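Structure first, then comments.
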Amino acid sequence: MFLTAELITKKRDGKKLSEEEIRFLVSEYTGGSIPDYQMAAFLMAAFIRGLDRRETTFLTRAMLESGRVFDLSSLPAPKIDKHSTGGVGDKVSLVLAPWVASCGVAVPMISGRGLGHTGGTLDKLSAIPGFRTDFSIEQFTEILRGNNFFMAGQTVEIAPADKKIYALRDVTGTVPSIPLITASILSKKLAGGAEAILFDVKVGRGAFMRTPKEAKELAFWLCAVARQFKVKAEAVLTRMDEPLGRFVGNILEVKEALEFLSGRFEADLYHVTEYLAVRMLGLAGIEEKEARRLLSARLLDGSARQHFRELVRLQGGFVGAVENPGLFARAEYQIPVRAPQAGWVWSLDAREVGLLAIELGAGRKTVQDKIDYTVGFEFLKKTGAQVEKEETVAFVHSNSTVTGREVAMELGQLYDIRREKKKAPGLIIKS
Ligand code: URA
């Protein structure tokens with residue numbers, strides 16, 4: 001037994017905590033014996049004083065072991081997961097997981113909801129009527145056995161300590177700490193039972209890590225701590241300055257993912273997704289040339305799309321809409337956004353786009369908010385495109401003409417258009 005106040009004092013004074021001390025804090029807080037105010041004080045002390053890698057490993061383990069862990073050892077396929085640190089228009093997981101699964105690699109994917117200005121895979125999946133992400137570990141394992149992948153949320157069984165601690169961090173200014181982020185992400189990801197994890201660390205205006213230096217540091221911590229759990233880990237840094245792909249918004253992004261799986265895609269989304277897919281297959285021991293050949297074959301012969309269809313069926317979703325995306329609900333109004341002047345698009349700030357999407361109802365302002373799955377944006381022009389004055393550069397999908405028009409005005413102002421030519425930047429920063 002320890003005294004909670006003593007442990008807070010120890011961290012406040014910059015001392016290191018032992019595994020037993022950290023385990024005590026996590027288990028007593030999760031069990032309800034340590035109140036929020038003491039845990040909040042500890043988190044702030046950890047935020048300011050930092051945790052070293054050993055302490056972060058202890059914290060990860062304590063949070064991981066607060067719940068259950070998938071045992072996938074009886075499945076013969078290699079088991080590889082991917083984690084993105086979050087962006088705008090980032091529907092990569094919706095395409096990547098079925099695509100990699102169709103190549104014979106099992107993908108036990110545990111995803112999150114939207115955070116701040118970023119969208120979350122779970123919210124996009126919830127836009128499919130009936131789709132469930134809260135099965136038991138046994139049920140998810142059966143889904144994985146049948147279709148080579150599942151897409152789960154953080155259920156009551158998966159890292160419940162993280163769920164409680166994250167909610168507290170969210171309201172106490174203690175989210176942006178690399179050790180706390182590392183432990184939080186890994187406690188959920190390691191619960192999935194993957195042998196290897198690929199981290200897509202987003203960097204730029206629309207990412208939580210604004211500079212490559214910060215992103216590299218987070219990538220380093222995620223890989224270093226994951227390896228303490230005997231999990232192979234690699235990280236890729238990808239640019240998130242403007243929205244990825246053509247659409248932002250939940251149903252719109254699911255439809256874009258389905259288009260991709262049918263062989264029609266935007267170049268930027270294809271580039272990032274294929275790169276990550278090759279790296280995931282690489283973690284499964286498939287060399288690059290063969291990985292590219294396999295991925296191309298599985299996309300062309302429809303097996304990647306078939307895996308997505310089967311996922312929707314197994315997880316209770318409306319398969320009819322996957323077969324005929326016209327059956328998805330659609331926002332009532334599509335309001336054009338016009339270019340304020342002629343020239344080249346220099347930038348389209350992803351963070352501001354994400355915040356406008358929330359304004360429209362595509363994301364939450366508070367945890368209680370209900371999402372309008374139909375609303376969002378379609379971008380016809382992005383960085384590097386040439387535009388004429390008054391040309392339609394985007395559409396706002398809205399269920400209110402008033403809000404839709406206001407948001408369309410603001411979106412138009414986010415387009416930085418200049419007379420000088422601009423090339424679209426590469427998206428893979430460092431691998
Ligand atoms: N995502 C998480 O799951 N946890 C964090 O702390 C930050 C991002």
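By order in the structure tokens, chains are A, B, ...; within a chain, residues start at 1; ligands start at 1, following the order shown.
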
Set out as a tab-separated table a contact list for chain A and ligand 1 with a cut-off of 10 Å, giving each residue of chain A that qualifies its closest atom pair and distance in Å to one decimal, counting only C-alpha atoms and all ligand atoms, ordered by chain and rising residue number.
```
residue	atom	partner	partner_atom_place_in_ligand_line	distance
A:His83	CA	ligand 1	1 (N)	9.6
A:Ser84	CA	ligand 1	1 (N)	8.9
A:Thr85	CA	ligand 1	8 (C)	6.3
A:Gly86	CA	ligand 1	8 (C)	7.7
A:Ser111	CA	ligand 1	3 (O)	8.6
A:Gly112	CA	ligand 1	3 (O)	6.7
A:Arg113	CA	ligand 1	3 (O)	8.9
A:Gly114	CA	ligand 1	1 (N)	9.3
A:Leu115	CA	ligand 1	8 (C)	7.4
A:Gly116	CA	ligand 1	8 (C)	9.7
A:Gln154	CA	ligand 1	3 (O)	9.6
A:Asp162	CA	ligand 1	4 (N)	8.1
A:Lys163	CA	ligand 1	3 (O)	8.8
A:Ile165	CA	ligand 1	6 (O)	9.2
A:Tyr166	CA	ligand 1	6 (O)	6.4
A:Ala167	CA	ligand 1	6 (O)	9.6
A:Arg169	CA	ligand 1	6 (O)	8.0
A:Asp170	CA	ligand 1	6 (O)	8.6
A:Thr174	CA	ligand 1	6 (O)	8.8
A:Val175	CA	ligand 1	6 (O)	5.6
A:Pro176	CA	ligand 1	6 (O)	7.2
A:Ser177	CA	ligand 1	6 (O)	7.7
A:Ile178	CA	ligand 1	6 (O)	8.2
A:Pro179	CA	ligand 1	6 (O)	8.8
A:Leu180	CA	ligand 1	6 (O)	5.9
A:Ile181	CA	ligand 1	6 (O)	3.5
A:Thr182	CA	ligand 1	6 (O)	6.8
A:Ala183	CA	ligand 1	6 (O)	7.4
A:Ser184	CA	ligand 1	4 (N)	4.6
A:Ile185	CA	ligand 1	3 (O)	4.3
A:Leu186	CA	ligand 1	3 (O)	8.0
A:Ser187	CA	ligand 1	3 (O)	8.6
A:Lys188	CA	ligand 1	3 (O)	7.5
A:Lys189	CA	ligand 1	3 (O)	8.9
A:Phe208	CA	ligand 1	8 (C)	8.5
```

Query raised in the report: segment 369-380 of chain A: which residues within 6 Å, counting only C-alpha atoms, same-chain residues fewer than 3 positions away excluded, as a ChimeraX atom specification?
Result: /A:127,246-251,330-331,357,361-364,366,393-398

Report task. Tell me which protein, DNA and RNA residues are within 6 Å of segment 65-71 of chain A, counting only C-alpha atoms, leaving out same-chain ones fewer than 3 positions away, and put them as number ranges by chain. Result -> A: 61-62, 157-161, 191-193

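Using only C-alpha atoms, the contacts of segment 223-231 of chain A at a cut-off of 6 Å, with sequence neighbours closer than 3 positions omitted, comprise A:Thr57, A:Glu195, A:Ala196, A:Phe220.
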
Please write the residues from the selection above to a file, keeping N, CA, C and O atoms, as a compact mmCIF listing (two decimals), in the first residue's frame.
```txt
# COMPACT_ATOMS: atom_id res chain seq x y z
N THR A 57 6.91 2.84 -19.61
CA THR A 57 6.64 1.41 -19.83
C THR A 57 5.78 0.86 -18.69
O THR A 57 4.82 0.11 -18.91
N GLU A 195 1.42 -8.64 -33.49
CA GLU A 195 2.86 -8.92 -33.29
C GLU A 195 3.71 -7.72 -33.70
O GLU A 195 4.86 -7.60 -33.31
N ALA A 196 3.12 -6.89 -34.54
CA ALA A 196 3.85 -5.71 -35.01
C ALA A 196 2.87 -4.57 -35.21
O ALA A 196 1.71 -4.80 -35.55
N PHE A 220 9.66 7.96 -31.90
CA PHE A 220 10.71 7.26 -31.19
C PHE A 220 10.18 6.62 -29.89
O PHE A 220 10.44 5.46 -29.59
```

Could you name the residues that touch Leu283 of chain A at 9 Å or less, counting only C-alpha atoms, but leaving out those on the same chain fewer than 3 positions away, as a tab-separated table (two decimals) with N, CA and C atoms, in the first residue's frame?
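Result file follows (out-v1.tsv):
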```
chain	number	residue	atom	x	y	z
A	78	PRO	N	0.37	-13.80	-39.91
A	78	PRO	CA	1.03	-12.71	-39.17
A	78	PRO	C	-0.01	-11.66	-38.79
A	80	ILE	N	-0.69	-7.82	-37.85
A	80	ILE	CA	-0.06	-6.49	-37.90
A	80	ILE	C	-1.14	-5.42	-37.79
A	196	ALA	N	3.12	-6.89	-34.54
A	196	ALA	CA	3.85	-5.71	-35.01
A	196	ALA	C	2.87	-4.57	-35.21
A	197	ILE	N	3.36	-3.36	-34.98
A	197	ILE	CA	2.50	-2.17	-35.16
A	197	ILE	C	3.28	-1.15	-36.00
A	198	LEU	N	2.56	-0.59	-36.98
A	198	LEU	CA	3.13	0.49	-37.77
A	198	LEU	C	2.47	1.78	-37.32
A	232	LYS	N	7.07	-5.84	-32.53
A	232	LYS	CA	7.87	-5.14	-33.54
A	232	LYS	C	7.19	-3.81	-33.83
A	233	ALA	N	7.96	-2.74	-33.92
A	233	ALA	CA	7.30	-1.44	-34.16
A	233	ALA	C	8.13	-0.61	-35.12
A	234	GLU	N	7.44	0.03	-36.05
A	234	GLU	CA	8.09	0.96	-36.98
A	234	GLU	C	7.20	2.19	-37.07
A	278	VAL	N	2.37	-1.26	-47.88
A	278	VAL	CA	3.64	-1.95	-48.20
A	278	VAL	C	4.45	-2.16	-46.93
A	279	ARG	N	4.46	-1.13	-46.08
A	279	ARG	CA	5.22	-1.24	-44.83
A	279	ARG	C	4.61	-2.29	-43.89
A	280	MET	N	3.28	-2.37	-43.88
A	280	MET	CA	2.65	-3.40	-43.02
A	280	MET	C	2.99	-4.79	-43.55
A	286	ILE	N	6.98	-9.71	-46.06
A	286	ILE	CA	6.80	-9.73	-47.52
A	286	ILE	C	7.64	-8.59	-48.12
```

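Among A:Trp346, A:Phe131, A:Tyr275, A:Phe47, the residue with the shortest atom-to-atom distance to Arg12 of chain A, counting only C-alpha atoms, is A:Phe47.
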
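Near segment 92-95 of chain A, within a cut-off of 8 Å and counting only C-alpha atoms, sit the residues Lys82, Trp99, Thr121, Val254, Ala257, Leu258, Phe260, Leu261, Leu269, Val272 and Thr273 of chain A, with same-chain residues fewer than 4 positions away left out.
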
Go ahead and save the picked residues with all heavy atoms, as a PDB file, in the first residue's frame.
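Output file selection21.pdb follows:
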```pdb
ATOM      1  N   LYS A  82      -1.976  -0.988 -37.448  1.00  0.00           N
ATOM      2  CA  LYS A  82      -1.471   0.348 -37.794  1.00  0.00           C
ATOM      3  C   LYS A  82      -2.140   1.358 -36.889  1.00  0.00           C
ATOM      4  O   LYS A  82      -3.305   1.188 -36.552  1.00  0.00           O
ATOM      5  CB  LYS A  82      -1.825   0.620 -39.261  1.00  0.00           C
ATOM      6  CG  LYS A  82      -1.307   1.872 -39.876  1.00  0.00           C
ATOM      7  CD  LYS A  82      -2.105   3.155 -39.874  1.00  0.00           C
ATOM      8  CE  LYS A  82      -3.566   3.208 -39.973  1.00  0.00           C
ATOM      9  NZ  LYS A  82      -4.136   4.587 -40.077  1.00  0.00           N
ATOM     10  N   TRP A  99      -7.567  -3.970 -47.190  1.00  0.00           N
ATOM     11  CA  TRP A  99      -6.615  -4.196 -48.284  1.00  0.00           C
ATOM     12  C   TRP A  99      -5.494  -5.129 -47.819  1.00  0.00           C
ATOM     13  O   TRP A  99      -5.171  -6.112 -48.479  1.00  0.00           O
ATOM     14  CB  TRP A  99      -6.054  -2.839 -48.716  1.00  0.00           C
ATOM     15  CG  TRP A  99      -5.443  -2.787 -50.083  1.00  0.00           C
ATOM     16  CD1 TRP A  99      -5.446  -3.779 -51.025  1.00  0.00           C
ATOM     17  CD2 TRP A  99      -4.741  -1.679 -50.657  1.00  0.00           C
ATOM     18  NE1 TRP A  99      -4.792  -3.338 -52.149  1.00  0.00           N
ATOM     19  CE2 TRP A  99      -4.361  -2.055 -51.946  1.00  0.00           C
ATOM     20  CE3 TRP A  99      -4.419  -0.394 -50.207  1.00  0.00           C
ATOM     21  CZ2 TRP A  99      -3.651  -1.187 -52.799  1.00  0.00           C
ATOM     22  CZ3 TRP A  99      -3.727   0.464 -51.046  1.00  0.00           C
ATOM     23  CH2 TRP A  99      -3.340   0.067 -52.324  1.00  0.00           C
ATOM     24  N   THR A 121     -11.681   7.063 -36.760  1.00  0.00           N
ATOM     25  CA  THR A 121     -12.164   5.923 -37.552  1.00  0.00           C
ATOM     26  C   THR A 121     -13.473   5.363 -36.986  1.00  0.00           C
ATOM     27  O   THR A 121     -14.373   4.984 -37.730  1.00  0.00           O
ATOM     28  CB  THR A 121     -11.075   4.821 -37.583  1.00  0.00           C
ATOM     29  OG1 THR A 121      -9.913   5.410 -38.157  1.00  0.00           O
ATOM     30  CG2 THR A 121     -11.488   3.618 -38.401  1.00  0.00           C
ATOM     31  N   VAL A 254     -16.617   7.378 -45.711  1.00  0.00           N
ATOM     32  CA  VAL A 254     -16.860   5.936 -45.920  1.00  0.00           C
ATOM     33  C   VAL A 254     -17.070   5.695 -47.415  1.00  0.00           C
ATOM     34  O   VAL A 254     -16.521   4.753 -48.000  1.00  0.00           O
ATOM     35  CB  VAL A 254     -18.092   5.454 -45.116  1.00  0.00           C
ATOM     36  CG1 VAL A 254     -18.492   4.048 -45.524  1.00  0.00           C
ATOM     37  CG2 VAL A 254     -17.813   5.498 -43.624  1.00  0.00           C
ATOM     38  N   ALA A 257     -13.853   5.804 -49.201  1.00  0.00           N
ATOM     39  CA  ALA A 257     -13.098   4.565 -48.978  1.00  0.00           C
ATOM     40  C   ALA A 257     -13.629   3.453 -49.897  1.00  0.00           C
ATOM     41  O   ALA A 257     -12.853   2.678 -50.478  1.00  0.00           O
ATOM     42  CB  ALA A 257     -13.197   4.141 -47.519  1.00  0.00           C
ATOM     43  N   LEU A 258     -14.942   3.398 -50.055  1.00  0.00           N
ATOM     44  CA  LEU A 258     -15.533   2.367 -50.930  1.00  0.00           C
ATOM     45  C   LEU A 258     -15.136   2.597 -52.391  1.00  0.00           C
ATOM     46  O   LEU A 258     -14.853   1.646 -53.124  1.00  0.00           O
ATOM     47  CB  LEU A 258     -17.058   2.355 -50.792  1.00  0.00           C
ATOM     48  CG  LEU A 258     -17.562   1.722 -49.500  1.00  0.00           C
ATOM     49  CD1 LEU A 258     -19.031   2.053 -49.264  1.00  0.00           C
ATOM     50  CD2 LEU A 258     -17.352   0.203 -49.543  1.00  0.00           C
ATOM     51  N   PHE A 260     -12.405   3.975 -53.330  1.00  0.00           N
ATOM     52  CA  PHE A 260     -10.987   3.563 -53.395  1.00  0.00           C
ATOM     53  C   PHE A 260     -10.912   2.053 -53.600  1.00  0.00           C
ATOM     54  O   PHE A 260     -10.190   1.552 -54.463  1.00  0.00           O
ATOM     55  CB  PHE A 260     -10.301   3.972 -52.088  1.00  0.00           C
ATOM     56  CG  PHE A 260      -8.804   3.793 -52.058  1.00  0.00           C
ATOM     57  CD1 PHE A 260      -7.971   4.866 -51.777  1.00  0.00           C
ATOM     58  CD2 PHE A 260      -8.211   2.561 -52.303  1.00  0.00           C
ATOM     59  CE1 PHE A 260      -6.586   4.710 -51.733  1.00  0.00           C
ATOM     60  CE2 PHE A 260      -6.837   2.391 -52.265  1.00  0.00           C
ATOM     61  CZ  PHE A 260      -6.030   3.469 -51.970  1.00  0.00           C
ATOM     62  N   LEU A 261     -11.699   1.330 -52.784  1.00  0.00           N
ATOM     63  CA  LEU A 261     -11.648  -0.140 -52.856  1.00  0.00           C
ATOM     64  C   LEU A 261     -12.211  -0.643 -54.186  1.00  0.00           C
ATOM     65  O   LEU A 261     -12.013  -1.807 -54.544  1.00  0.00           O
ATOM     66  CB  LEU A 261     -12.395  -0.749 -51.660  1.00  0.00           C
ATOM     67  CG  LEU A 261     -11.718  -0.491 -50.296  1.00  0.00           C
ATOM     68  CD1 LEU A 261     -12.638  -0.856 -49.142  1.00  0.00           C
ATOM     69  CD2 LEU A 261     -10.393  -1.256 -50.189  1.00  0.00           C
ATOM     70  N   LEU A 269      -4.300  10.294 -51.340  1.00  0.00           N
ATOM     71  CA  LEU A 269      -4.793   9.228 -50.454  1.00  0.00           C
ATOM     72  C   LEU A 269      -4.180   7.875 -50.859  1.00  0.00           C
ATOM     73  O   LEU A 269      -3.771   7.085 -50.008  1.00  0.00           O
ATOM     74  CB  LEU A 269      -6.327   9.168 -50.527  1.00  0.00           C
ATOM     75  CG  LEU A 269      -6.986   8.107 -49.646  1.00  0.00           C
ATOM     76  CD1 LEU A 269      -6.679   8.331 -48.177  1.00  0.00           C
ATOM     77  CD2 LEU A 269      -8.506   8.088 -49.852  1.00  0.00           C
ATOM     78  N   VAL A 272      -0.340   7.669 -49.730  1.00  0.00           N
ATOM     79  CA  VAL A 272      -0.111   7.388 -48.303  1.00  0.00           C
ATOM     80  C   VAL A 272      -0.573   5.971 -47.956  1.00  0.00           C
ATOM     81  O   VAL A 272       0.140   5.213 -47.288  1.00  0.00           O
ATOM     82  CB  VAL A 272      -0.870   8.414 -47.415  1.00  0.00           C
ATOM     83  CG1 VAL A 272      -0.832   8.005 -45.958  1.00  0.00           C
ATOM     84  CG2 VAL A 272      -0.275   9.794 -47.578  1.00  0.00           C
ATOM     85  N   THR A 273      -1.759   5.592 -48.453  1.00  0.00           N
ATOM     86  CA  THR A 273      -2.317   4.287 -48.058  1.00  0.00           C
ATOM     87  C   THR A 273      -1.462   3.148 -48.605  1.00  0.00           C
ATOM     88  O   THR A 273      -1.155   2.190 -47.887  1.00  0.00           O
ATOM     89  CB  THR A 273      -3.774   4.156 -48.552  1.00  0.00           C
ATOM     90  OG1 THR A 273      -4.484   5.328 -48.191  1.00  0.00           O
ATOM     91  CG2 THR A 273      -4.466   2.953 -47.935  1.00  0.00           C
TER      92      THR A 273
END
```

Requested in this report: Taking the chain letters and numbering used in this document, name the residues of segment 271-419 of chain A that DSSP puts in strand (DSSP E), as a list of chain:residue names.
Outcome: A:Tyr333, A:Gln334, A:Ile335, A:Pro336, A:Val337, A:Arg338, A:Gly343, A:Trp344, A:Val345, A:Trp346, A:Ser347, A:Leu348, A:Gly376, A:Phe377, A:Glu378, A:Phe379, A:Gln386, A:Val387, A:Thr392, A:Val393, A:Ala394, A:Phe395, A:Val396, A:His397, A:Ser398, A:Tyr415, A:Asp416, A:Ile417, A:Arg418

Query raised in the report: With only C-alpha atoms as the basis for distance, which of A:Ser102, A:Thr403, A:Thr133, A:Asn148 is at the shortest distance from Gly302 of chain A?
Result: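 Checking each candidate against Gly302 of chain A, we get A:Ser102 as the closest.
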
Query raised in the report: Nearest to Gly245 of chain A: which of A:Gly87, A:Gly326, A:Pro98, A:Gly120 is it, counting only C-alpha atoms?
Result: A:Gly87

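Take the candidates A:Pro129, A:Gly104, A:Gly173, A:Pro35 and check each one against Arg145 of chain A using only C-alpha atoms; the shortest distance goes to A:Gly104.
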
Report task. Pick out each residue of segment 170-340 of chain A that DSSP on the backbone tags as alpha helix (DSSP H); I need them as a PyMOL selection string. Result -> chain A and resi 170+178-189+212-228+250-261+267-283+288-300+303-314+319-323

Query raised in the report: Hey, what's within 10 Å of Val312 of chain A if we count only C-alpha atoms and toss same-chain stuff fewer than 4 positions away? As a list in words, please?
Result: Leu125, Ile128, Pro129, Gly130, Phe131, Arg132, Phe150, Met151, Gln306, His307, Phe308, Gly316, Gly317, Phe318, Val319, Gly320, Ala321 and Val322 of chain A
